[in-house]
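Enquirer: Pasting entry.csv below, which is CSV, C-alpha atoms.
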```
chain,number,residue,atom,x,y,z
A,95,MET,CA,0.0,0.0,0.0
A,96,GLU,CA,1.4,3.4,-1.0
A,97,VAL,CA,2.0,5.8,1.9
A,98,PRO,CA,0.6,9.3,1.3
A,99,THR,CA,3.2,12.1,1.3
A,100,LEU,CA,3.1,15.8,2.3
A,101,GLN,CA,3.1,16.8,-1.3
A,102,THR,CA,-0.7,16.6,-1.6
A,103,PRO,CA,-2.1,19.2,-4.0
A,104,THR,CA,-3.8,22.1,-2.4
A,105,GLY,CA,-7.2,21.7,-3.8
A,106,ALA,CA,-10.8,21.9,-2.5
A,107,ASP,CA,-10.4,18.6,-0.5
A,108,THR,CA,-6.9,19.2,0.9
A,109,SER,CA,-6.9,19.3,4.7
A,110,PHE,CA,-5.7,22.4,6.6
A,111,GLY,CA,-3.0,20.3,8.3
A,112,THR,CA,-1.6,19.1,5.0
A,113,THR,CA,-1.5,22.7,3.6
A,114,ILE,CA,0.4,23.9,6.6
A,115,ALA,CA,2.8,21.0,6.5
A,116,ASN,CA,3.5,21.7,2.8
A,117,LEU,CA,4.1,25.4,3.6
A,118,PHE,CA,7.0,24.4,5.8
A,119,ALA,CA,8.2,21.2,4.1
A,120,SER,CA,7.5,21.7,0.4
A,121,PRO,CA,6.3,25.3,-0.3
A,122,SER,CA,5.7,24.9,-4.0
A,123,GLU,CA,3.3,22.0,-3.4
A,124,ALA,CA,1.3,24.0,-0.9
A,125,PHE,CA,-0.1,26.2,-3.8
A,126,VAL,CA,-0.9,23.4,-6.3
A,127,GLY,CA,-4.5,23.5,-7.4
A,128,LEU,CA,-5.1,27.2,-6.6
A,129,ALA,CA,-5.0,28.6,-10.2
A,130,GLY,CA,-8.3,28.7,-12.0
A,131,GLN,CA,-10.3,27.7,-8.9
A,132,PRO,CA,-12.7,30.0,-6.9
A,133,VAL,CA,-10.9,32.0,-4.2
A,134,LYS,CA,-11.3,30.7,-0.7
A,135,HIS,CA,-11.3,33.7,1.6
A,136,THR,CA,-10.7,31.5,4.6
A,137,ARG,CA,-7.2,31.0,3.3
A,138,TRP,CA,-6.3,34.7,4.1
A,139,VAL,CA,-8.9,35.5,6.8
A,140,PHE,CA,-7.7,32.8,9.2
A,141,PRO,CA,-4.0,33.8,9.1
A,142,LEU,CA,-5.1,37.4,9.4
A,143,LEU,CA,-7.0,36.7,12.6
A,144,ALA,CA,-4.1,34.7,13.9
A,145,THR,CA,-1.7,37.6,13.2
A,146,ILE,CA,-4.0,40.0,14.9
A,147,ALA,CA,-4.1,37.7,17.9
A,148,ILE,CA,-0.2,37.8,18.0
A,149,VAL,CA,-0.3,41.6,17.8
A,150,ILE,CA,-2.8,41.7,20.7
A,151,ALA,CA,-0.5,39.4,22.8
A,152,VAL,CA,2.5,41.6,22.0
A,153,VAL,CA,0.7,44.8,22.9
A,154,TYR,CA,-0.6,43.3,26.2
A,155,LEU,CA,2.9,42.2,27.1
A,156,MET,CA,4.4,45.5,26.3
A,157,PHE,CA,2.2,47.4,28.7
A,158,SER,CA,1.6,44.8,31.4
A,159,ASN,CA,5.2,43.6,31.8
A,160,GLU,CA,7.2,46.2,33.8
A,161,THR,CA,10.5,45.4,32.2
A,162,PHE,CA,9.1,45.6,28.7
A,163,ARG,CA,7.1,48.8,29.5
A,164,GLN,CA,10.2,50.5,30.8
A,165,GLN,CA,12.3,49.5,27.8
A,166,MET,CA,9.6,50.9,25.5
A,167,GLN,CA,9.3,54.1,27.5
A,168,ASP,CA,13.1,54.5,27.5
A,169,ALA,CA,13.1,54.2,23.7
A,170,GLN,CA,10.3,56.8,23.4
A,171,VAL,CA,12.0,59.2,25.8
A,172,ALA,CA,15.2,59.0,23.7
A,173,VAL,CA,13.2,59.8,20.5
A,174,MET,CA,11.5,62.8,22.2
A,175,ASP,CA,14.9,64.0,23.6
A,176,LYS,CA,16.2,64.0,20.1
A,177,ALA,CA,13.1,65.9,18.9
A,178,VAL,CA,13.6,68.5,21.6
A,179,GLN,CA,17.3,68.9,20.6
A,180,GLU,CA,16.2,69.4,17.0
A,181,GLU,CA,13.5,71.9,18.1
A,182,LYS,CA,10.7,69.7,16.7
A,183,MET,CA,8.9,69.9,20.0
A,184,THR,CA,9.4,71.8,23.3
A,185,GLN,CA,10.6,70.3,26.5
A,186,GLU,CA,7.2,70.9,28.1
A,187,GLN,CA,5.5,68.9,25.3
A,188,ALA,CA,8.0,66.1,25.8
A,189,ASP,CA,7.4,66.1,29.6
A,190,MET,CA,3.6,66.0,29.1
A,191,ALA,CA,4.0,63.0,26.7
A,192,ILE,CA,6.2,61.1,29.1
A,193,GLU,CA,3.7,61.7,31.9
A,194,ARG,CA,0.9,60.3,29.8
A,195,MET,CA,3.0,57.2,29.0
A,196,GLU,CA,3.6,56.6,32.6
A,197,GLY,CA,-0.1,56.7,33.6
A,198,GLY,CA,-2.1,55.2,30.7
A,199,GLY,CA,-1.4,51.5,30.8
A,200,SER,CA,-4.9,50.1,30.2
A,201,MET,CA,-5.7,52.9,27.7
A,202,PHE,CA,-2.6,52.2,25.7
A,203,ILE,CA,-3.4,48.5,25.6
A,204,ILE,CA,-6.9,49.3,24.2
A,205,ILE,CA,-5.5,51.8,21.7
A,206,GLY,CA,-2.6,49.5,20.7
A,207,THR,CA,-5.0,46.6,20.1
A,208,ILE,CA,-7.3,48.7,17.9
A,209,PHE,CA,-4.6,50.3,15.8
A,210,GLY,CA,-2.5,47.1,15.7
A,211,GLY,CA,-5.5,45.2,14.3
A,212,ILE,CA,-6.1,48.0,11.7
A,213,PHE,CA,-2.4,48.1,10.7
A,214,VAL,CA,-2.3,44.3,10.3
A,215,ALA,CA,-5.4,44.3,8.1
A,216,LEU,CA,-4.0,47.1,5.9
A,217,TYR,CA,-0.7,45.3,5.8
A,218,TYR,CA,-2.4,42.2,4.3
A,219,VAL,CA,-4.4,44.2,1.8
A,220,VAL,CA,-1.5,46.3,0.6
A,221,GLY,CA,1.0,43.4,0.8
A,222,ALA,CA,-1.2,41.3,-1.4
A,223,LEU,CA,-1.7,44.2,-3.8
A,224,PHE,CA,2.0,44.7,-4.4
A,225,LEU,CA,2.4,40.9,-4.7
A,226,TRP,CA,-0.3,40.9,-7.4
A,227,LEU,CA,1.2,43.9,-9.2
A,228,GLY,CA,4.7,42.3,-9.2
A,229,ALA,CA,3.3,39.0,-10.5
A,230,LYS,CA,1.2,40.8,-13.1
A,231,PHE,CA,4.0,42.8,-14.6
A,232,VAL,CA,6.9,40.5,-14.2
A,233,LEU,CA,5.3,37.0,-14.3
A,234,LYS,CA,2.5,38.1,-16.6
A,235,THR,CA,-0.1,36.3,-14.6
A,236,SER,CA,-3.8,36.6,-15.4
A,237,GLU,CA,-4.9,35.5,-11.9
A,238,PRO,CA,-6.8,38.2,-10.0
A,239,TYR,CA,-6.0,40.2,-6.9
A,240,GLY,CA,-8.1,37.9,-4.8
A,241,ARG,CA,-5.9,34.9,-5.7
A,242,HIS,CA,-2.8,36.8,-4.6
A,243,LEU,CA,-4.5,37.7,-1.3
A,244,GLU,CA,-5.1,34.0,-0.9
A,245,VAL,CA,-1.4,33.3,-1.6
A,246,TYR,CA,-0.3,36.0,0.7
A,247,GLY,CA,-2.5,34.7,3.5
A,248,LEU,CA,-1.2,31.1,3.1
A,249,ALA,CA,2.4,32.3,3.2
A,250,SER,CA,1.6,34.4,6.3
A,251,TRP,CA,1.3,31.3,8.4
A,252,ILE,CA,5.1,31.4,8.4
A,253,GLY,CA,4.8,34.9,9.9
A,254,VAL,CA,2.4,33.7,12.5
A,255,PHE,CA,4.8,31.0,13.5
A,256,GLY,CA,7.5,33.6,13.6
A,257,GLY,CA,5.3,35.8,15.9
A,258,VAL,CA,5.0,32.9,18.4
A,259,ILE,CA,8.8,32.4,18.3
A,260,THR,CA,9.3,36.1,18.9
A,261,LEU,CA,7.0,36.1,21.9
A,262,VAL,CA,8.9,33.2,23.4
A,263,MET,CA,12.2,34.9,22.8
A,264,MET,CA,11.0,38.1,24.4
A,265,LEU,CA,9.9,36.3,27.5
A,266,ALA,CA,12.9,34.0,27.7
A,267,MET,CA,15.4,36.9,27.2
A,268,ASN,CA,13.4,39.5,29.0
A,269,SER,CA,13.7,42.1,26.3
A,270,ILE,CA,11.5,43.6,23.6
A,271,TYR,CA,14.5,43.6,21.3
A,272,ALA,CA,15.0,39.8,21.4
A,273,THR,CA,13.7,39.0,18.0
A,274,PRO,CA,14.7,36.4,15.3
A,275,SER,CA,16.5,39.1,13.2
A,276,ALA,CA,20.0,40.2,12.3
A,277,ALA,CA,19.9,42.5,15.3
A,278,LEU,CA,19.7,39.7,17.8
A,279,ALA,CA,23.5,39.8,18.5
A,280,PHE,CA,23.1,43.1,20.3
A,281,TYR,CA,19.6,42.9,21.6
A,282,ASP,CA,20.9,44.0,25.1
A,283,SER,CA,22.3,47.2,23.7
A,284,PHE,CA,19.8,47.9,20.9
A,285,ASP,CA,19.4,51.6,20.0
A,286,PRO,CA,16.1,52.5,18.4
A,287,GLY,CA,17.6,55.7,17.2
A,288,ASN,CA,20.3,54.0,15.3
A,289,THR,CA,19.4,53.4,11.6
A,290,THR,CA,21.8,50.4,11.3
A,291,HIS,CA,20.2,48.8,14.3
A,292,ARG,CA,16.7,49.4,12.9
A,293,LEU,CA,17.7,48.0,9.5
A,294,LEU,CA,19.2,44.8,11.0
A,295,ARG,CA,16.0,44.3,13.2
A,296,ALA,CA,13.8,44.7,10.1
A,297,LEU,CA,15.8,41.9,8.4
A,298,ASP,CA,13.7,39.3,10.2
A,299,LEU,CA,14.3,35.6,9.5
A,300,PHE,CA,10.6,34.8,9.3
A,301,GLY,CA,9.9,37.8,7.2
A,302,ALA,CA,12.4,36.6,4.6
A,303,TRP,CA,11.1,33.1,4.9
A,304,GLN,CA,7.6,34.2,4.3
A,305,ALA,CA,8.7,36.2,1.2
A,306,VAL,CA,10.3,33.1,-0.3
A,307,VAL,CA,7.2,31.0,0.3
A,308,ALA,CA,5.1,33.8,-1.2
A,309,GLY,CA,7.4,33.7,-4.2
A,310,PHE,CA,6.7,30.0,-4.6
A,311,GLY,CA,3.0,30.8,-4.5
A,312,ILE,CA,2.9,33.4,-7.1
A,313,SER,CA,5.1,31.3,-9.4
A,314,LYS,CA,2.8,28.3,-9.0
A,315,VAL,CA,-0.4,30.2,-9.7
A,316,ALA,CA,1.3,32.0,-12.7
A,317,GLY,CA,2.6,28.7,-14.0
A,318,LYS,CA,6.2,30.1,-14.1
A,319,ASP,CA,9.6,29.0,-12.7
A,320,SER,CA,9.9,29.4,-8.9
A,321,THR,CA,13.1,31.3,-9.1
A,322,MET,CA,11.5,34.3,-10.8
A,323,GLY,CA,8.6,34.4,-8.3
A,324,ILE,CA,11.0,34.3,-5.4
A,325,VAL,CA,13.0,37.2,-6.9
A,326,VAL,CA,9.9,39.2,-7.2
A,327,ALA,CA,8.6,38.5,-3.7
A,328,VAL,CA,11.9,38.9,-1.9
A,329,GLY,CA,12.6,42.1,-3.9
A,330,LEU,CA,9.2,43.5,-2.7
A,331,TRP,CA,10.0,42.5,0.9
A,332,LEU,CA,13.4,44.3,0.7
A,333,VAL,CA,11.6,47.4,-0.6
A,334,TRP,CA,9.3,47.2,2.4
A,335,VAL,CA,12.2,46.8,4.8
A,336,GLY,CA,13.8,50.0,3.3
A,337,ILE,CA,10.5,51.9,3.6
A,338,SER,CA,9.8,50.8,7.2
A,339,VAL,CA,13.3,51.8,8.3
A,340,ALA,CA,13.1,55.1,6.5
A,341,LEU,CA,9.8,56.0,8.0
A,342,GLY,CA,10.8,54.8,11.5
A,343,LEU,CA,8.3,51.9,11.6
A,344,ALA,CA,11.0,49.4,12.4
A,345,ARG,CA,12.1,50.0,16.0
```
Once more with this new file: its structure as structure tokens, please.
Expert:
Amino acid sequence: MEVPTLQTPTGADTSFGTTIANLFASPSEAFVGLAGQPVKHTRWVFPLLATIAIVIAVVYLMFSNETFRQQMQDAQVAVMDKAVQEEKMTQEQADMAIERMEGGGSMFIIIGTIFGGIFVALYYVVGALFLWLGAKFVLKTSEPYGRHLEVYGLASWIGVFGGVITLVMMLAMNSIYATPSAALAFYDSFDPGNTTHRLLRALDLFGAWQAVVAGFGISKVAGKDSTMGIVVAVGLWLVWVGISVALGLAR
């Protein structure tokens, strides 16, 4: 009797477990059967909800763990001190902002949860949009935006796994800067105001991995060689890294 393998095509009857296993073990096979089929919105809605749950957990830890909260406040104080020195804000405004940070734990958890959820949703929508545009102009795919939102969602399970690993690392190493990124080597002396530090932190292992998996996905649905799809997806990810560092989103 033939033993089934993980490389089961991702069609209408493929189990969730098999799809997830393929994403980690054989990424190309995880997207077999998507092209030409109706878009299943659960393929991006479920990982979106899981990502939001990770964000909520991070926000809660940031404001409920005294060490994490102090580290975050120290980083914000350093940013405001620099703004005062550059005359972008007054010392009085900085002092008022610091006072609000010190006394608004519950409020910041609520605000962080709301805006974190909104940001993640926008990140999915825009991320899939650029993935679709890249595939459309480079791979010449005829698959619609909804298909690439589906691909982006499936690849995002890598990011969800990375989020769990990040939470474990933060708790184990007692630092908000303990992340699976190129900045891990100096997590205990991380400087949020240092552009190089921010860039290295943005070069996240799971972000790169997710981009590669997304590259397999857009290649498969376009019917093209995987290498080209990976180049497109990783290239878009690197552009995002640059933008996030330039705008100060990576801290």
Enquirer: Pick out the residues sitting within 12 Å of A:Ile259, and hand them over as a list in words; count all atoms listed in the file, and ignore anything fewer than 6 positions along from it in its own chain.
Expert: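 Here the qualifying residues turn out to be Ile148, Val152, Ile252, Gly253, Leu265, Ala266, Met267, Ala272, Thr273, Pro274, Ser275, Asp298, Leu299 and Phe300 of chain A.
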Enquirer: Name all residues at most 7 Å from stretch 205-215 of chain A (count only C-alpha atoms; drop same-chain ones fewer than 2 positions away) and give them as a list of chain:residue names.
Expert: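 Contacts, in chain order: A:Ile146, A:Val149, A:Ile150, A:Val153, A:Met201, A:Phe202, A:Ile203, A:Tyr217, A:Tyr218, A:Val219.
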Enquirer: Would you tabulate, counting all atoms listed in the file, all residues of stretch 153-272 of chain A that have an atom at most 12 Å from an atom of stretch 129-139 of chain A, showing the closest pair of atoms and their distance in Å to one decimal, sorted by chain then ascending number, as a Markdown table?
Expert:
```
| residue | atom | partner | partner_atom | distance |
| --- | --- | --- | --- | --- |
| A:Val214 | CA | A:Val139 | CA | 11.5 |
| A:Ala215 | CA | A:Val139 | CA | 9.6 |
| A:Tyr218 | CA | A:Trp138 | CA | 8.5 |
| A:Val219 | CA | A:Trp138 | CA | 10.0 |
| A:Gly221 | CA | A:Trp138 | CA | 11.8 |
| A:Ala222 | CA | A:Trp138 | CA | 10.0 |
| A:Thr235 | CA | A:Ala129 | CA | 10.1 |
| A:Ser236 | CA | A:Ala129 | CA | 9.6 |
| A:Glu237 | CA | A:Ala129 | CA | 7.1 |
| A:Pro238 | CA | A:Val133 | CA | 9.4 |
| A:Tyr239 | CA | A:Val133 | CA | 9.9 |
| A:Gly240 | CA | A:Val133 | CA | 6.6 |
| A:Arg241 | CA | A:Val133 | CA | 6.0 |
| A:His242 | CA | A:Val133 | CA | 9.4 |
| A:Leu243 | CA | A:Trp138 | CA | 6.4 |
| A:Glu244 | CA | A:Trp138 | CA | 5.2 |
| A:Val245 | CA | A:Trp138 | CA | 7.6 |
| A:Tyr246 | CA | A:Trp138 | CA | 7.0 |
| A:Gly247 | CA | A:Trp138 | CA | 3.8 |
| A:Leu248 | CA | A:Arg137 | CA | 6.0 |
| A:Ala249 | CA | A:Trp138 | CA | 9.1 |
| A:Ser250 | CA | A:Trp138 | CA | 8.2 |
| A:Trp251 | CA | A:Trp138 | CA | 9.4 |
```
Enquirer: Using the selection just defined, write its residues with C-alpha atoms as an mmCIF file, in the coordinates of the input.
Expert:
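result_36.cif written:
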```cif
data_model
loop_
_atom_site.group_PDB
_atom_site.id
_atom_site.type_symbol
_atom_site.label_atom_id
_atom_site.label_comp_id
_atom_site.auth_asym_id
_atom_site.auth_seq_id
_atom_site.Cartn_x
_atom_site.Cartn_y
_atom_site.Cartn_z
ATOM 1 C CA VAL A 214 -2.300 44.300 10.300
ATOM 2 C CA ALA A 215 -5.400 44.300 8.100
ATOM 3 C CA TYR A 218 -2.400 42.200 4.300
ATOM 4 C CA VAL A 219 -4.400 44.200 1.800
ATOM 5 C CA GLY A 221 1.000 43.400 0.800
ATOM 6 C CA ALA A 222 -1.200 41.300 -1.400
ATOM 7 C CA THR A 235 -0.100 36.300 -14.600
ATOM 8 C CA SER A 236 -3.800 36.600 -15.400
ATOM 9 C CA GLU A 237 -4.900 35.500 -11.900
ATOM 10 C CA PRO A 238 -6.800 38.200 -10.000
ATOM 11 C CA TYR A 239 -6.000 40.200 -6.900
ATOM 12 C CA GLY A 240 -8.100 37.900 -4.800
ATOM 13 C CA ARG A 241 -5.900 34.900 -5.700
ATOM 14 C CA HIS A 242 -2.800 36.800 -4.600
ATOM 15 C CA LEU A 243 -4.500 37.700 -1.300
ATOM 16 C CA GLU A 244 -5.100 34.000 -0.900
ATOM 17 C CA VAL A 245 -1.400 33.300 -1.600
ATOM 18 C CA TYR A 246 -0.300 36.000 0.700
ATOM 19 C CA GLY A 247 -2.500 34.700 3.500
ATOM 20 C CA LEU A 248 -1.200 31.100 3.100
ATOM 21 C CA ALA A 249 2.400 32.300 3.200
ATOM 22 C CA SER A 250 1.600 34.400 6.300
ATOM 23 C CA TRP A 251 1.300 31.300 8.400
#
```
Enquirer: From the options A:Gly317, A:Ile312, A:Gly323, A:Thr289, which residue's atoms come nearest to A:Val339, counting all atoms listed in the file?
Expert: A:Thr289
Enquirer: Calculate, to one decimal in Å, the centre and edge lengths of the box along x, y and z of the file that holds all listed atoms of stretch 165-181 of chain A with 5 Å of margin on each side, and present them as AutoDock Vina command-line options.
Expert:
```
--center_x 13.3 --center_y 60.7 --center_z 22.4 --size_x 18.0 --size_y 32.4 --size_z 20.8
```
Enquirer: For A:Glu160, which residue out of A:Ser122, A:Asn288, A:Ser269, A:Ser109 is the nearest one, using all atoms listed in the file?
Expert: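 Going through A:Ser122, A:Asn288, A:Ser269, A:Ser109 one by one, the smallest distance to A:Glu160 is for A:Ser269.
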Enquirer: My list of candidates is A:Val335, A:Ala308, A:Ala279, A:Ile192. Which is closest to A:Phe125 when distances are computed with all atoms listed in the file?
Expert: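 Smallest distance to A:Phe125 is found for A:Ala308.
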Enquirer: My list of candidates is A:Ala151, A:Leu330, A:Leu341, A:Val171. Which is closest to A:Leu223 when distances are computed with all atoms listed in the file?
Expert: A:Leu330
Enquirer: Just give me the gap between atom CA of A:Gly287 and atom CA of A:Trp331 in Å, one decimal is fine.
Expert: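 Computed distance, atom CA of A:Gly287 to atom CA of A:Trp331, equals 22.3 Å.
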Enquirer: Determine, counting only C-alpha atoms, which protein, DNA and RNA residues have an atom within 12 Å of an atom of A:Leu297; residues of the same chain fewer than 2 positions away are not included. Present the result as a PyMOL selection string.
Expert: chain A and resi 273-278+290-295+299-305+328+331-336+338-339+344-345
Enquirer: A:Phe231, A:Phe255, A:Tyr271, A:Phe280: which is nearest A:Thr145, counting only C-alpha atoms?
Expert: A:Phe255
Enquirer: Please measure the separation of atom CA of A:Gly228 and atom CA of A:Val326, giving the value in Å to one decimal.
Expert: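 Taking atom CA of A:Gly228 as the start and atom CA of A:Val326 as the end point, the length is 6.4 Å.
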Enquirer: As an exercise, work out the distance from atom CA of A:Thr321 to atom CA of A:Leu142 in Å and give it to one decimal place.
Expert: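 These atoms are spaced 26.7 Å apart.
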Enquirer: May I ask which of the residues A:Thr113, A:Ser283, A:Asn268, A:Ser120 is the closest one to A:Phe162, counting only C-alpha atoms?
Expert: A:Asn268
Enquirer: Just add N, CA and C atoms to stretch 290-310 of chain A and send it as a PDB file, in the coordinates of the input.
Expert:
```pdb
ATOM      1  N   THR A 290      21.201  51.773  11.531  1.00  0.00           N
ATOM      2  CA  THR A 290      21.800  50.400  11.300  1.00  0.00           C
ATOM      3  C   THR A 290      21.070  49.395  12.136  1.00  0.00           C
ATOM      4  N   HIS A 291      20.861  49.706  13.397  1.00  0.00           N
ATOM      5  CA  HIS A 291      20.200  48.800  14.300  1.00  0.00           C
ATOM      6  C   HIS A 291      18.761  48.497  13.804  1.00  0.00           C
ATOM      7  N   ARG A 292      18.060  49.548  13.392  1.00  0.00           N
ATOM      8  CA  ARG A 292      16.700  49.400  12.900  1.00  0.00           C
ATOM      9  C   ARG A 292      16.661  48.528  11.637  1.00  0.00           C
ATOM     10  N   LEU A 293      17.628  48.755  10.766  1.00  0.00           N
ATOM     11  CA  LEU A 293      17.700  48.000   9.500  1.00  0.00           C
ATOM     12  C   LEU A 293      17.924  46.504   9.814  1.00  0.00           C
ATOM     13  N   LEU A 294      18.862  46.208  10.704  1.00  0.00           N
ATOM     14  CA  LEU A 294      19.200  44.800  11.000  1.00  0.00           C
ATOM     15  C   LEU A 294      17.960  44.151  11.718  1.00  0.00           C
ATOM     16  N   ARG A 295      17.220  44.911  12.535  1.00  0.00           N
ATOM     17  CA  ARG A 295      16.000  44.300  13.200  1.00  0.00           C
ATOM     18  C   ARG A 295      14.953  44.057  12.134  1.00  0.00           C
ATOM     19  N   ALA A 296      14.852  44.921  11.123  1.00  0.00           N
ATOM     20  CA  ALA A 296      13.800  44.700  10.100  1.00  0.00           C
ATOM     21  C   ALA A 296      14.149  43.507   9.209  1.00  0.00           C
ATOM     22  N   LEU A 297      15.420  43.100   9.175  1.00  0.00           N
ATOM     23  CA  LEU A 297      15.800  41.900   8.400  1.00  0.00           C
ATOM     24  C   LEU A 297      15.492  40.670   9.232  1.00  0.00           C
ATOM     25  N   ASP A 298      14.224  40.401   9.345  1.00  0.00           N
ATOM     26  CA  ASP A 298      13.700  39.300  10.200  1.00  0.00           C
ATOM     27  C   ASP A 298      13.749  37.987   9.455  1.00  0.00           C
ATOM     28  N   LEU A 299      14.183  36.951  10.142  1.00  0.00           N
ATOM     29  CA  LEU A 299      14.300  35.600   9.500  1.00  0.00           C
ATOM     30  C   LEU A 299      12.985  35.131   8.981  1.00  0.00           C
ATOM     31  N   PHE A 300      11.920  35.282   9.761  1.00  0.00           N
ATOM     32  CA  PHE A 300      10.600  34.800   9.300  1.00  0.00           C
ATOM     33  C   PHE A 300       9.999  35.643   8.236  1.00  0.00           C
ATOM     34  N   GLY A 301      10.328  36.932   8.240  1.00  0.00           N
ATOM     35  CA  GLY A 301       9.900  37.800   7.200  1.00  0.00           C
ATOM     36  C   GLY A 301      10.466  37.381   5.838  1.00  0.00           C
ATOM     37  N   ALA A 302      11.769  37.075   5.851  1.00  0.00           N
ATOM     38  CA  ALA A 302      12.400  36.600   4.600  1.00  0.00           C
ATOM     39  C   ALA A 302      11.886  35.260   4.190  1.00  0.00           C
ATOM     40  N   TRP A 303      11.674  34.378   5.160  1.00  0.00           N
ATOM     41  CA  TRP A 303      11.100  33.100   4.900  1.00  0.00           C
ATOM     42  C   TRP A 303       9.747  33.171   4.249  1.00  0.00           C
ATOM     43  N   GLN A 304       8.909  34.023   4.826  1.00  0.00           N
ATOM     44  CA  GLN A 304       7.600  34.200   4.300  1.00  0.00           C
ATOM     45  C   GLN A 304       7.607  34.759   2.877  1.00  0.00           C
ATOM     46  N   ALA A 305       8.544  35.670   2.601  1.00  0.00           N
ATOM     47  CA  ALA A 305       8.700  36.200   1.200  1.00  0.00           C
ATOM     48  C   ALA A 305       9.033  35.134   0.246  1.00  0.00           C
ATOM     49  N   VAL A 306       9.940  34.248   0.635  1.00  0.00           N
ATOM     50  CA  VAL A 306      10.300  33.100  -0.300  1.00  0.00           C
ATOM     51  C   VAL A 306       9.144  32.233  -0.535  1.00  0.00           C
ATOM     52  N   VAL A 307       8.377  31.903   0.508  1.00  0.00           N
ATOM     53  CA  VAL A 307       7.200  31.000   0.300  1.00  0.00           C
ATOM     54  C   VAL A 307       6.177  31.727  -0.568  1.00  0.00           C
ATOM     55  N   ALA A 308       5.973  33.038  -0.383  1.00  0.00           N
ATOM     56  CA  ALA A 308       5.100  33.800  -1.200  1.00  0.00           C
ATOM     57  C   ALA A 308       5.541  33.747  -2.691  1.00  0.00           C
ATOM     58  N   GLY A 309       6.874  33.772  -2.872  1.00  0.00           N
ATOM     59  CA  GLY A 309       7.400  33.700  -4.200  1.00  0.00           C
ATOM     60  C   GLY A 309       7.102  32.349  -4.878  1.00  0.00           C
ATOM     61  N   PHE A 310       7.175  31.256  -4.095  1.00  0.00           N
ATOM     62  CA  PHE A 310       6.700  30.000  -4.600  1.00  0.00           C
ATOM     63  C   PHE A 310       5.277  30.026  -5.037  1.00  0.00           C
TER      64      PHE A 310
END
```
